[in-house]
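Okay, so here's the structure we're looking at.
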Amino acid sequence: MYWNERIETLSSGEMIDLQSAALRKTIRYTYDRVPFYRQRIDSLHINPDEINTLDDIVRLPFTVKADLRDQYPYGLCAVPLSDIQRLHASSGTTGQPTPVFNTRIDLDNWSGCMARNLYMAGVRKEDICQIAFKYTLFTGAFGHHLGADTIGAMVIPASSGQTERQVLMMRDFKTTVLHCTPSYAITITEKMDQMGISREDLCLRVGVHGAEPMSDSLRSEIEEKLGTLALGDYGLTELGGPGVSIECPAKAGYHINEDYFFPEVVNPETLEPVPEGETGELVLTTLKKHAMPLIRYRTRDITRLHRGPCACGRTLIRHAPILGRTDDMLIFGGVNVFPSQLESLLLEFEEASSHYLIRLTTEHRRDRITVEIEPVPGFSISGNPDQNAALIGKMTARIKDLIGITIGIKLVEPNTIPRSEGKAKRVVDER
Ligand code: DLL
């Protein structure tokens, strides 16, 4: 049932002891080896040996993405280049990549985290795992590959794209576990429809879908169309990639591998820690990294932590599904809105497909949000103005009721929204 029963069921006192010791070690290691951190800590007149308990961490400064860019390429490296075995980089599409590094031990730890996560999702040695994340500098494919490989499952390194071939491989090789983004899972189901292949023709059992938000409605659609138990996994390149957390089959939050990553949630404006259970920005400190340890890294991801008992028996702390990123938050008429909130509400409508695009424009110097959405295949929009207007009316009313804003909705013809092979682009800003 567990990959590492002792760690996954530690009492909170034992976990605190383990984390405190690892934190002390990490701070001393980082101070001694990374001039960037040494200068920062010195400038605050902190003696690294004064950081003894987890509560002391708030005395340390945050690390932000700009620090990684400023230290490009090797400034945050804590080991000689000869000890680095693998570079990955963030998936940003503009500018230079933000690299992260791994020693042999880091790669082994990553494999361990990912094996633990995938085992939690139900992956076993007998499984056939099709990795449909892209194999590039992006961490998604390699992380999932390492985890499935460590469990001893059969790995099909399919990469993403070539969706027809992807479906044929799933069918012919009897794939049982599909690893990809939630939006690519939807693209796959559409291709299956076009090819006349149904879930009964496949042997899929589990889907592990990370790298972007998966609303409950999107999850249900994937589960229904693929016949899987679809679970989300979370991570980010800067912290090594996937492996930070994953949902267990109870689907009641993402268990964090807190022996590797110490989580905090802070108010993104004041940067003060928020009480457990309150929403804010997730901040992570690596506890076992060798090549590139990070102290109090601001993820920009909005969530909350909760420690209560989980039906799966694990005691690892959980975070709620990521609501969105602070940099994706739309501020509209004074109300903060995340694209994922609009998605959850719109996908409640059975007429709505999961293909949508949020367009931000300015009209008469006022911001405007319009969601373009494709209805499901059986719902024809041509020649049915009353039916379309009724649907749009219901959707806008629902959003007004729950979020308090008035947005535009435009029903668009099938196949007009670009399909995703990785992370879907949901927002186009034309302001
Ligand atoms: O997306 C790593 C990853 C790959 C995680 C495969 C899980 C599976 P980046 O490209 O650096 O790394 O993007 C990280 O993606 O800060 C979140 O905003 C978002 N993200 C990742 N997983 C989830 C998730 C990978 N399960 C950024 N739910 C993060 C919501 C997610 N957002």
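Naming works like this for the structure tokens: A, B, ... for the chains as they're shown, residue 1 at the start of each chain, ligands 1 onward in shown order.
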Give me the residues near Glu224 of chain A as number ranges by chain, where near means some atom within 12 Å (using only C-alpha atoms) and where sequence neighbours in that chain fewer than 2 positions away do not count. A: 185-186, 189, 198-200, 204-207, 217-222, 226-230
Grab me every residue within 6 Å of ligand 1, counting only C-alpha atoms and all ligand atoms, and send it over as an mmCIF file with N, CA, C and O atoms, in the first residue's frame.
data_model
loop_
_atom_site.group_PDB
_atom_site.id
_atom_site.type_symbol
_atom_site.label_atom_id
_atom_site.label_comp_id
_atom_site.auth_asym_id
_atom_site.auth_seq_id
_atom_site.Cartn_x
_atom_site.Cartn_y
_atom_site.Cartn_z
ATOM 1 N N SER A 90 13.114 25.317 -17.160
ATOM 2 C CA SER A 90 11.691 25.631 -17.107
ATOM 3 C C SER A 90 11.133 25.744 -18.509
ATOM 4 O O SER A 90 11.854 26.040 -19.465
ATOM 5 N N SER A 91 9.822 25.552 -18.588
ATOM 6 C CA SER A 91 9.191 25.462 -19.898
ATOM 7 C C SER A 91 8.812 26.817 -20.465
ATOM 8 O O SER A 91 8.088 26.891 -21.429
ATOM 9 N N THR A 139 10.758 18.896 -17.238
ATOM 10 C CA THR A 139 10.991 17.811 -16.275
ATOM 11 C C THR A 139 9.913 16.725 -16.278
ATOM 12 O O THR A 139 10.123 15.652 -15.728
ATOM 13 N N GLY A 140 8.736 17.039 -16.874
ATOM 14 C CA GLY A 140 7.581 16.153 -16.722
ATOM 15 C C GLY A 140 7.837 14.716 -17.145
ATOM 16 O O GLY A 140 7.600 13.768 -16.379
ATOM 17 N N GLY A 210 -0.481 16.017 -14.513
ATOM 18 C CA GLY A 210 0.041 17.179 -13.799
ATOM 19 C C GLY A 210 0.484 18.263 -14.740
ATOM 20 O O GLY A 210 0.213 18.235 -15.934
ATOM 21 N N ALA A 211 1.172 19.241 -14.167
ATOM 22 C CA ALA A 211 1.779 20.376 -14.873
ATOM 23 C C ALA A 211 0.813 21.513 -15.138
ATOM 24 O O ALA A 211 1.211 22.579 -15.565
ATOM 25 N N GLU A 212 -0.455 21.308 -14.890
ATOM 26 C CA GLU A 212 -1.455 22.390 -15.022
ATOM 27 C C GLU A 212 -2.676 21.987 -14.199
ATOM 28 O O GLU A 212 -2.830 20.810 -13.837
ATOM 29 N N PRO A 213 -3.553 22.951 -13.896
ATOM 30 C CA PRO A 213 -4.713 22.630 -13.055
ATOM 31 C C PRO A 213 -5.654 21.622 -13.727
ATOM 32 O O PRO A 213 -5.759 21.575 -14.954
ATOM 33 N N GLY A 232 -4.074 14.002 -9.939
ATOM 34 C CA GLY A 232 -3.190 15.113 -10.295
ATOM 35 C C GLY A 232 -1.863 15.011 -9.570
ATOM 36 O O GLY A 232 -1.818 14.556 -8.426
ATOM 37 N N ASP A 233 -0.788 15.387 -10.237
ATOM 38 C CA ASP A 233 0.493 15.524 -9.522
ATOM 39 C C ASP A 233 1.066 16.902 -9.806
ATOM 40 O O ASP A 233 0.780 17.523 -10.828
ATOM 41 N N TYR A 234 1.843 17.375 -8.827
ATOM 42 C CA TYR A 234 2.290 18.774 -8.852
ATOM 43 C C TYR A 234 3.791 18.858 -8.625
ATOM 44 O O TYR A 234 4.377 18.058 -7.890
ATOM 45 N N GLY A 235 4.371 19.853 -9.245
ATOM 46 C CA GLY A 235 5.782 20.150 -9.006
ATOM 47 C C GLY A 235 6.164 21.304 -9.902
ATOM 48 O O GLY A 235 5.357 21.788 -10.686
ATOM 49 N N LEU A 236 7.397 21.755 -9.776
ATOM 50 C CA LEU A 236 7.864 22.825 -10.660
ATOM 51 C C LEU A 236 9.345 22.651 -10.899
ATOM 52 O O LEU A 236 10.059 22.098 -10.052
ATOM 53 N N THR A 237 9.777 23.087 -12.063
ATOM 54 C CA THR A 237 11.151 22.870 -12.484
ATOM 55 C C THR A 237 12.145 23.301 -11.410
ATOM 56 O O THR A 237 13.085 22.575 -11.095
ATOM 57 N N GLY A 241 11.042 19.562 -10.522
ATOM 58 C CA GLY A 241 10.042 19.041 -11.452
ATOM 59 C C GLY A 241 8.928 18.335 -10.711
ATOM 60 O O GLY A 241 8.683 18.634 -9.534
ATOM 61 N N PRO A 242 8.238 17.384 -11.364
ATOM 62 C CA PRO A 242 7.192 16.652 -10.644
ATOM 63 C C PRO A 242 7.852 15.908 -9.482
ATOM 64 O O PRO A 242 9.053 15.683 -9.504
ATOM 65 N N THR A 299 6.724 29.960 -5.023
ATOM 66 C CA THR A 299 6.265 29.229 -6.212
ATOM 67 C C THR A 299 5.311 30.041 -7.073
ATOM 68 O O THR A 299 5.117 29.712 -8.240
ATOM 69 N N ASP A 301 2.273 29.813 -6.721
ATOM 70 C CA ASP A 301 1.052 28.994 -6.788
ATOM 71 C C ASP A 301 0.199 29.226 -5.541
ATOM 72 O O ASP A 301 0.706 29.249 -4.428
ATOM 73 N N ILE A 322 -4.181 23.406 -6.798
ATOM 74 C CA ILE A 322 -3.670 24.754 -7.043
ATOM 75 C C ILE A 322 -4.783 25.578 -7.708
ATOM 76 O O ILE A 322 -5.314 25.185 -8.743
ATOM 77 N N ARG A 325 -1.939 30.688 -10.451
ATOM 78 C CA ARG A 325 -0.683 31.343 -10.116
ATOM 79 C C ARG A 325 -0.939 32.824 -9.895
ATOM 80 O O ARG A 325 -1.801 33.396 -10.555
#
Select from segment 213-271 of chain A every residue with an atom at most 7 Å from any atom of segment 113-135 of chain A, then for each give the shortest pair of atoms and their distance in Å to one decimal, using only C-alpha atoms, rows by chain and rising number, as a tab-separated table.
residue	atom	partner	partner_atom	distance
A:Leu231	CA	A:Ala121	CA	6.9
A:Gly243	CA	A:Met114	CA	5.1
A:Ile246	CA	A:Asn117	CA	6.0
A:Cys248	CA	A:Ala121	CA	5.5
A:Pro249	CA	A:Ala121	CA	6.2
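For the pair atom CA of Val208 of chain A and atom CA of Val177 of chain A, the separation is 7.5 Å.
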DSSP strand (DSSP E or B) residues within segment 64-105 of chain A, as JSON, numbers by chain: {"A": [86, 87, 88, 89, 99, 100, 101, 102]}
Store the residues of this selection in a file with C-alpha atoms, as a PDB file, in the first residue's frame.
ATOM      1  CA  ARG A  86      21.596  16.374 -15.532  1.00  0.00           C
ATOM      2  CA  LEU A  87      20.279  19.775 -16.463  1.00  0.00           C
ATOM      3  CA  HIS A  88      16.611  20.552 -16.910  1.00  0.00           C
ATOM      4  CA  ALA A  89      15.011  23.918 -17.544  1.00  0.00           C
ATOM      5  CA  PRO A  99      18.204  25.866 -15.628  1.00  0.00           C
ATOM      6  CA  VAL A 100      18.209  23.509 -12.663  1.00  0.00           C
ATOM      7  CA  PHE A 101      20.816  20.891 -11.907  1.00  0.00           C
ATOM      8  CA  ASN A 102      20.969  17.411 -10.470  1.00  0.00           C
TER       9      ASN A 102
END
Shell around segment 43-51 of chain A at 8 Å using only C-alpha atoms, local window under 2 positions removed, as an mmCIF file with all heavy atoms, in the first residue's frame:
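As written to disk, around_26.cif reads:
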data_model
loop_
_atom_site.group_PDB
_atom_site.id
_atom_site.type_symbol
_atom_site.label_atom_id
_atom_site.label_comp_id
_atom_site.auth_asym_id
_atom_site.auth_seq_id
_atom_site.Cartn_x
_atom_site.Cartn_y
_atom_site.Cartn_z
ATOM 1 N N ARG A 24 18.450 22.403 9.157
ATOM 2 C CA ARG A 24 19.733 22.914 9.689
ATOM 3 C C ARG A 24 20.877 22.558 8.745
ATOM 4 O O ARG A 24 21.724 23.383 8.418
ATOM 5 C CB ARG A 24 20.007 22.316 11.083
ATOM 6 C CG ARG A 24 19.179 22.940 12.190
ATOM 7 C CD ARG A 24 19.699 22.536 13.566
ATOM 8 N NE ARG A 24 19.439 21.139 13.880
ATOM 9 C CZ ARG A 24 18.319 20.689 14.455
ATOM 10 N NH1 ARG A 24 17.364 21.538 14.793
ATOM 11 N NH2 ARG A 24 18.159 19.413 14.708
ATOM 12 N N ILE A 27 20.692 24.642 5.445
ATOM 13 C CA ILE A 27 21.087 26.055 5.583
ATOM 14 C C ILE A 27 22.615 26.155 5.670
ATOM 15 O O ILE A 27 23.246 26.961 4.983
ATOM 16 C CB ILE A 27 20.429 26.700 6.831
ATOM 17 C CG1 ILE A 27 18.905 26.580 6.774
ATOM 18 C CG2 ILE A 27 20.866 28.164 6.992
ATOM 19 C CD1 ILE A 27 18.230 27.181 5.577
ATOM 20 N N ARG A 28 23.209 25.294 6.473
ATOM 21 C CA ARG A 28 24.672 25.330 6.627
ATOM 22 C C ARG A 28 25.352 24.993 5.283
ATOM 23 O O ARG A 28 26.245 25.692 4.828
ATOM 24 C CB ARG A 28 25.033 24.355 7.754
ATOM 25 C CG ARG A 28 26.466 24.059 8.059
ATOM 26 C CD ARG A 28 27.393 25.234 8.021
ATOM 27 N NE ARG A 28 27.394 26.108 9.171
ATOM 28 C CZ ARG A 28 28.118 27.239 9.235
ATOM 29 N NH1 ARG A 28 28.852 27.643 8.226
ATOM 30 N NH2 ARG A 28 28.084 27.994 10.297
ATOM 31 N N TYR A 31 24.852 27.873 2.800
ATOM 32 C CA TYR A 31 25.656 29.029 3.208
ATOM 33 C C TYR A 31 27.126 28.801 2.838
ATOM 34 O O TYR A 31 27.797 29.692 2.323
ATOM 35 C CB TYR A 31 25.506 29.221 4.723
ATOM 36 C CG TYR A 31 26.271 30.400 5.284
ATOM 37 C CD1 TYR A 31 25.727 31.679 5.280
ATOM 38 C CD2 TYR A 31 27.548 30.216 5.837
ATOM 39 C CE1 TYR A 31 26.421 32.756 5.802
ATOM 40 C CE2 TYR A 31 28.253 31.289 6.356
ATOM 41 C CZ TYR A 31 27.681 32.561 6.336
ATOM 42 O OH TYR A 31 28.382 33.623 6.853
ATOM 43 N N GLN A 39 25.920 35.710 0.936
ATOM 44 C CA GLN A 39 25.817 37.181 0.992
ATOM 45 C C GLN A 39 24.468 37.617 1.545
ATOM 46 O O GLN A 39 24.372 38.513 2.373
ATOM 47 C CB GLN A 39 26.006 37.774 -0.401
ATOM 48 C CG GLN A 39 27.464 37.868 -0.813
ATOM 49 C CD GLN A 39 27.620 37.872 -2.337
ATOM 50 O OE1 GLN A 39 26.667 38.131 -3.061
ATOM 51 N NE2 GLN A 39 28.827 37.560 -2.808
ATOM 52 N N ARG A 40 23.427 36.932 1.092
ATOM 53 C CA ARG A 40 22.084 37.297 1.567
ATOM 54 C C ARG A 40 21.951 37.125 3.069
ATOM 55 O O ARG A 40 21.414 37.971 3.767
ATOM 56 C CB ARG A 40 21.065 36.353 0.927
ATOM 57 C CG ARG A 40 20.726 36.748 -0.447
ATOM 58 C CD ARG A 40 19.236 36.885 -0.484
ATOM 59 N NE ARG A 40 18.863 37.565 -1.695
ATOM 60 C CZ ARG A 40 17.789 37.263 -2.395
ATOM 61 N NH1 ARG A 40 16.995 36.301 -1.983
ATOM 62 N NH2 ARG A 40 17.494 37.938 -3.466
ATOM 63 N N ILE A 41 22.438 35.981 3.550
ATOM 64 C CA ILE A 41 22.281 35.672 4.975
ATOM 65 C C ILE A 41 23.172 36.607 5.802
ATOM 66 O O ILE A 41 22.748 37.158 6.816
ATOM 67 C CB ILE A 41 22.573 34.163 5.221
ATOM 68 C CG1 ILE A 41 21.448 33.340 4.565
ATOM 69 C CG2 ILE A 41 22.691 33.842 6.702
ATOM 70 C CD1 ILE A 41 21.637 31.836 4.556
ATOM 71 N N THR A 53 15.054 25.657 14.512
ATOM 72 C CA THR A 53 13.749 25.002 14.430
ATOM 73 C C THR A 53 13.048 25.453 13.145
ATOM 74 O O THR A 53 13.454 26.428 12.513
ATOM 75 C CB THR A 53 12.848 25.414 15.623
ATOM 76 O OG1 THR A 53 12.541 26.795 15.459
ATOM 77 C CG2 THR A 53 13.536 25.173 16.957
ATOM 78 N N LEU A 54 11.970 24.757 12.822
ATOM 79 C CA LEU A 54 11.228 25.114 11.605
ATOM 80 C C LEU A 54 10.663 26.534 11.715
ATOM 81 O O LEU A 54 10.558 27.244 10.720
ATOM 82 C CB LEU A 54 10.104 24.102 11.359
ATOM 83 C CG LEU A 54 10.560 22.647 11.133
ATOM 84 C CD1 LEU A 54 9.352 21.733 10.983
ATOM 85 C CD2 LEU A 54 11.470 22.537 9.919
ATOM 86 N N ASP A 56 12.106 29.016 12.900
ATOM 87 C CA ASP A 56 13.160 30.006 12.609
ATOM 88 C C ASP A 56 13.235 30.334 11.125
ATOM 89 O O ASP A 56 13.864 31.320 10.738
ATOM 90 C CB ASP A 56 14.536 29.485 13.056
ATOM 91 C CG ASP A 56 14.626 29.343 14.571
ATOM 92 O OD1 ASP A 56 13.909 30.077 15.267
ATOM 93 O OD2 ASP A 56 15.413 28.491 15.039
ATOM 94 N N ILE A 57 12.635 29.508 10.301
ATOM 95 C CA ILE A 57 12.794 29.695 8.854
ATOM 96 C C ILE A 57 12.294 31.073 8.413
ATOM 97 O O ILE A 57 12.791 31.647 7.449
ATOM 98 C CB ILE A 57 12.091 28.555 8.069
ATOM 99 C CG1 ILE A 57 12.682 28.472 6.655
ATOM 100 C CG2 ILE A 57 10.589 28.741 8.019
ATOM 101 C CD1 ILE A 57 12.288 27.232 5.886
#
Run DSSP on the backbone and give me the residues of segment 105-175 of chain A it puts in alpha helix (DSSP H), as an NGL selection string. :A and (105-120 or 139-151 or 163-172)
Selected residues written out with N, CA and C atoms, as an mmCIF file, in the first residue's frame:
data_model
loop_
_atom_site.group_PDB
_atom_site.id
_atom_site.type_symbol
_atom_site.label_atom_id
_atom_site.label_comp_id
_atom_site.auth_asym_id
_atom_site.auth_seq_id
_atom_site.Cartn_x
_atom_site.Cartn_y
_atom_site.Cartn_z
ATOM 1 N N ILE A 105 22.947 11.895 -6.658
ATOM 2 C CA ILE A 105 22.056 11.698 -5.497
ATOM 3 C C ILE A 105 20.712 12.394 -5.740
ATOM 4 N N ASP A 106 20.749 13.586 -6.348
ATOM 5 C CA ASP A 106 19.480 14.283 -6.651
ATOM 6 C C ASP A 106 18.609 13.439 -7.572
ATOM 7 N N LEU A 107 19.239 12.833 -8.579
ATOM 8 C CA LEU A 107 18.449 12.014 -9.515
ATOM 9 C C LEU A 107 17.864 10.800 -8.791
ATOM 10 N N ASP A 108 18.664 10.222 -7.892
ATOM 11 C CA ASP A 108 18.153 9.069 -7.142
ATOM 12 C C ASP A 108 17.001 9.497 -6.220
ATOM 13 N N ASN A 109 17.163 10.659 -5.599
ATOM 14 C CA ASN A 109 16.076 11.144 -4.733
ATOM 15 C C ASN A 109 14.822 11.448 -5.543
ATOM 16 N N TRP A 110 15.030 11.997 -6.717
ATOM 17 C CA TRP A 110 13.885 12.311 -7.597
ATOM 18 C C TRP A 110 13.160 11.009 -7.956
ATOM 19 N N SER A 111 13.951 10.002 -8.323
ATOM 20 C CA SER A 111 13.342 8.696 -8.642
ATOM 21 C C SER A 111 12.542 8.195 -7.445
ATOM 22 N N GLY A 112 13.098 8.364 -6.257
ATOM 23 C CA GLY A 112 12.422 7.896 -5.040
ATOM 24 C C GLY A 112 11.117 8.638 -4.805
ATOM 25 N N CYS A 113 11.154 9.960 -4.968
ATOM 26 C CA CYS A 113 9.927 10.768 -4.774
ATOM 27 C C CYS A 113 8.876 10.347 -5.783
ATOM 28 N N MET A 114 9.300 10.184 -7.033
ATOM 29 C CA MET A 114 8.330 9.876 -8.079
ATOM 30 C C MET A 114 7.800 8.450 -7.948
ATOM 31 N N ALA A 115 8.662 7.534 -7.505
ATOM 32 C CA ALA A 115 8.178 6.161 -7.286
ATOM 33 C C ALA A 115 7.143 6.178 -6.163
ATOM 34 N N ARG A 116 7.437 6.908 -5.116
ATOM 35 C CA ARG A 116 6.495 7.012 -3.985
ATOM 36 C C ARG A 116 5.165 7.584 -4.478
ATOM 37 N N ASN A 117 5.258 8.627 -5.296
ATOM 38 C CA ASN A 117 4.034 9.273 -5.793
ATOM 39 C C ASN A 117 3.222 8.346 -6.691
ATOM 40 N N LEU A 118 3.902 7.732 -7.638
ATOM 41 C CA LEU A 118 3.162 6.898 -8.585
ATOM 42 C C LEU A 118 2.598 5.670 -7.876
ATOM 43 N N TYR A 119 3.338 5.156 -6.905
ATOM 44 C CA TYR A 119 2.835 4.010 -6.136
ATOM 45 C C TYR A 119 1.563 4.437 -5.389
ATOM 46 N N MET A 120 1.585 5.656 -4.867
ATOM 47 C CA MET A 120 0.408 6.193 -4.160
ATOM 48 C C MET A 120 -0.793 6.248 -5.112
ATOM 49 N N THR A 139 10.758 18.896 -17.238
ATOM 50 C CA THR A 139 10.991 17.811 -16.275
ATOM 51 C C THR A 139 9.913 16.725 -16.278
ATOM 52 N N GLY A 140 8.736 17.039 -16.874
ATOM 53 C CA GLY A 140 7.581 16.153 -16.722
ATOM 54 C C GLY A 140 7.837 14.716 -17.145
ATOM 55 N N ALA A 141 8.352 14.549 -18.378
ATOM 56 C CA ALA A 141 8.530 13.189 -18.889
ATOM 57 C C ALA A 141 9.602 12.443 -18.090
ATOM 58 N N PHE A 142 10.722 13.110 -17.864
ATOM 59 C CA PHE A 142 11.826 12.420 -17.182
ATOM 60 C C PHE A 142 11.443 12.030 -15.757
ATOM 61 N N GLY A 143 10.735 12.907 -15.056
ATOM 62 C CA GLY A 143 10.332 12.600 -13.683
ATOM 63 C C GLY A 143 9.414 11.382 -13.648
ATOM 64 N N HIS A 144 8.395 11.385 -14.499
ATOM 65 C CA HIS A 144 7.449 10.267 -14.518
ATOM 66 C C HIS A 144 8.149 8.989 -14.974
ATOM 67 N N HIS A 145 9.052 9.137 -15.925
ATOM 68 C CA HIS A 145 9.805 7.989 -16.428
ATOM 69 C C HIS A 145 10.612 7.354 -15.279
ATOM 70 N N LEU A 146 11.341 8.214 -14.541
ATOM 71 C CA LEU A 146 12.173 7.688 -13.444
ATOM 72 C C LEU A 146 11.328 6.964 -12.401
ATOM 73 N N GLY A 147 10.162 7.541 -12.084
ATOM 74 C CA GLY A 147 9.316 6.947 -11.053
ATOM 75 C C GLY A 147 8.796 5.584 -11.480
ATOM 76 N N ALA A 148 8.269 5.508 -12.705
ATOM 77 C CA ALA A 148 7.701 4.244 -13.191
ATOM 78 C C ALA A 148 8.803 3.199 -13.310
ATOM 79 N N ASP A 149 9.972 3.652 -13.754
ATOM 80 C CA ASP A 149 11.112 2.754 -13.912
ATOM 81 C C ASP A 149 11.548 2.200 -12.549
ATOM 82 N N THR A 150 11.551 3.054 -11.539
ATOM 83 C CA THR A 150 11.982 2.623 -10.202
ATOM 84 C C THR A 150 11.002 1.598 -9.626
ATOM 85 N N ILE A 151 9.723 1.783 -9.919
ATOM 86 C CA ILE A 151 8.732 0.798 -9.453
ATOM 87 C C ILE A 151 8.939 -0.529 -10.173
ATOM 88 N N THR A 163 -0.704 12.231 -31.942
ATOM 89 C CA THR A 163 -1.727 11.678 -31.058
ATOM 90 C C THR A 163 -2.342 10.384 -31.597
ATOM 91 N N GLU A 164 -2.432 10.284 -32.911
ATOM 92 C CA GLU A 164 -2.999 9.051 -33.460
ATOM 93 C C GLU A 164 -2.094 7.858 -33.098
ATOM 94 N N ARG A 165 -0.792 8.073 -33.266
ATOM 95 C CA ARG A 165 0.172 7.023 -32.924
ATOM 96 C C ARG A 165 0.103 6.723 -31.413
ATOM 97 N N GLN A 166 -0.100 7.772 -30.660
ATOM 98 C CA GLN A 166 -0.219 7.638 -29.192
ATOM 99 C C GLN A 166 -1.367 6.677 -28.847
ATOM 100 N N VAL A 167 -2.513 6.892 -29.511
ATOM 101 C CA VAL A 167 -3.695 6.066 -29.236
ATOM 102 C C VAL A 167 -3.442 4.617 -29.675
ATOM 103 N N LEU A 168 -2.824 4.472 -30.836
ATOM 104 C CA LEU A 168 -2.552 3.110 -31.315
ATOM 105 C C LEU A 168 -1.615 2.379 -30.359
ATOM 106 N N MET A 169 -0.615 3.106 -29.861
ATOM 107 C CA MET A 169 0.305 2.472 -28.908
ATOM 108 C C MET A 169 -0.431 2.065 -27.641
ATOM 109 N N MET A 170 -1.331 2.942 -27.185
ATOM 110 C CA MET A 170 -2.085 2.607 -25.965
ATOM 111 C C MET A 170 -2.879 1.328 -26.182
ATOM 112 N N ARG A 171 -3.479 1.237 -27.379
ATOM 113 C CA ARG A 171 -4.310 0.060 -27.661
ATOM 114 C C ARG A 171 -3.442 -1.191 -27.842
ATOM 115 N N ASP A 172 -2.417 -1.077 -28.694
ATOM 116 C CA ASP A 172 -1.662 -2.276 -29.061
ATOM 117 C C ASP A 172 -0.776 -2.784 -27.925
#
Quick one: of A:Glu374, A:Ala320, A:Phe332, A:Thr362, who's nearest to Glu430 of chain A, counting only C-alpha atoms? A:Thr362
Just checking: using only C-alpha atoms, which residue out of A:His179, A:Lys174, A:Arg318, A:Arg398 ends up closest to Ala252 of chain A? A:Arg318
Please provide as a PyMOL selection string all residues within 12 Å of Ile331 of chain A, with the sequence filter that same-chain residues fewer than 5 positions apart are discarded (counting only C-alpha atoms). chain A and resi 326+336-339+360+367-369+403+405
Residues just named, written with N, CA, C and O atoms as a PDB file, in the first residue's frame:
ATOM      1  N   THR A 326      -0.158  33.419  -8.997  1.00  0.00           N
ATOM      2  CA  THR A 326      -0.379  34.853  -8.758  1.00  0.00           C
ATOM      3  C   THR A 326      -0.217  35.613 -10.065  1.00  0.00           C
ATOM      4  O   THR A 326      -0.914  36.587 -10.308  1.00  0.00           O
ATOM      5  N   ASN A 336     -10.679  39.383  -7.692  1.00  0.00           N
ATOM      6  CA  ASN A 336      -9.609  38.500  -8.165  1.00  0.00           C
ATOM      7  C   ASN A 336     -10.213  37.217  -8.728  1.00  0.00           C
ATOM      8  O   ASN A 336     -10.983  36.550  -8.044  1.00  0.00           O
ATOM      9  N   VAL A 337      -9.851  36.881  -9.948  1.00  0.00           N
ATOM     10  CA  VAL A 337     -10.409  35.679 -10.586  1.00  0.00           C
ATOM     11  C   VAL A 337      -9.268  34.846 -11.155  1.00  0.00           C
ATOM     12  O   VAL A 337      -8.365  35.398 -11.797  1.00  0.00           O
ATOM     13  N   PHE A 338      -9.338  33.554 -10.938  1.00  0.00           N
ATOM     14  CA  PHE A 338      -8.373  32.652 -11.569  1.00  0.00           C
ATOM     15  C   PHE A 338      -9.053  31.936 -12.731  1.00  0.00           C
ATOM     16  O   PHE A 338     -10.222  31.557 -12.617  1.00  0.00           O
ATOM     17  N   PRO A 339      -8.323  31.716 -13.830  1.00  0.00           N
ATOM     18  CA  PRO A 339      -8.919  30.982 -14.947  1.00  0.00           C
ATOM     19  C   PRO A 339      -9.550  29.664 -14.502  1.00  0.00           C
ATOM     20  O   PRO A 339     -10.612  29.282 -14.984  1.00  0.00           O
ATOM     21  N   LEU A 360      -8.727  38.550 -23.043  1.00  0.00           N
ATOM     22  CA  LEU A 360      -8.790  39.801 -22.279  1.00  0.00           C
ATOM     23  C   LEU A 360      -8.626  40.966 -23.238  1.00  0.00           C
ATOM     24  O   LEU A 360      -7.654  41.016 -23.994  1.00  0.00           O
ATOM     25  N   ASP A 367     -11.615  47.072 -18.940  1.00  0.00           N
ATOM     26  CA  ASP A 367     -11.209  45.695 -19.222  1.00  0.00           C
ATOM     27  C   ASP A 367     -12.432  44.823 -19.452  1.00  0.00           C
ATOM     28  O   ASP A 367     -13.477  45.033 -18.826  1.00  0.00           O
ATOM     29  N   ARG A 368     -12.254  43.863 -20.334  1.00  0.00           N
ATOM     30  CA  ARG A 368     -13.356  42.958 -20.628  1.00  0.00           C
ATOM     31  C   ARG A 368     -12.805  41.524 -20.695  1.00  0.00           C
ATOM     32  O   ARG A 368     -11.739  41.301 -21.269  1.00  0.00           O
ATOM     33  N   ILE A 369     -13.542  40.597 -20.091  1.00  0.00           N
ATOM     34  CA  ILE A 369     -13.148  39.181 -20.174  1.00  0.00           C
ATOM     35  C   ILE A 369     -14.186  38.476 -21.030  1.00  0.00           C
ATOM     36  O   ILE A 369     -15.390  38.556 -20.741  1.00  0.00           O
ATOM     37  N   ILE A 403     -19.013  34.365  -8.718  1.00  0.00           N
ATOM     38  CA  ILE A 403     -17.761  35.143  -8.634  1.00  0.00           C
ATOM     39  C   ILE A 403     -18.069  36.636  -8.506  1.00  0.00           C
ATOM     40  O   ILE A 403     -17.256  37.397  -7.999  1.00  0.00           O
ATOM     41  N   ILE A 405     -18.827  38.759 -11.091  1.00  0.00           N
ATOM     42  CA  ILE A 405     -18.419  39.609 -12.218  1.00  0.00           C
ATOM     43  C   ILE A 405     -19.253  39.268 -13.454  1.00  0.00           C
ATOM     44  O   ILE A 405     -19.767  38.150 -13.570  1.00  0.00           O
TER      45      ILE A 405
END
Separation of atom CA of Ile302 of chain A from atom CA of Glu281 of chain A, in Å and rounded to one decimal: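 We find that atom CA of Ile302 of chain A and atom CA of Glu281 of chain A lie 4.6 Å from each other.
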Please, what distance in Å, to one decimal, runs between atom CA of Phe262 of chain A and atom CA of Cys310 of chain A? 19.2 Å
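Each of A:Glu363, A:Glu190, A:Glu372, A:Asp259 was checked against Glu14 of chain A using only C-alpha atoms; the smallest atom-to-atom distance is that of A:Asp259.
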Compare A:Lys225, A:Lys251, A:Arg419, A:Lys65 by their minimum atom-to-atom distance to Leu239 of chain A, counting only C-alpha atoms, and give me the closest one.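 Counting only C-alpha atoms, the residue closest to Leu239 of chain A is A:Lys65.
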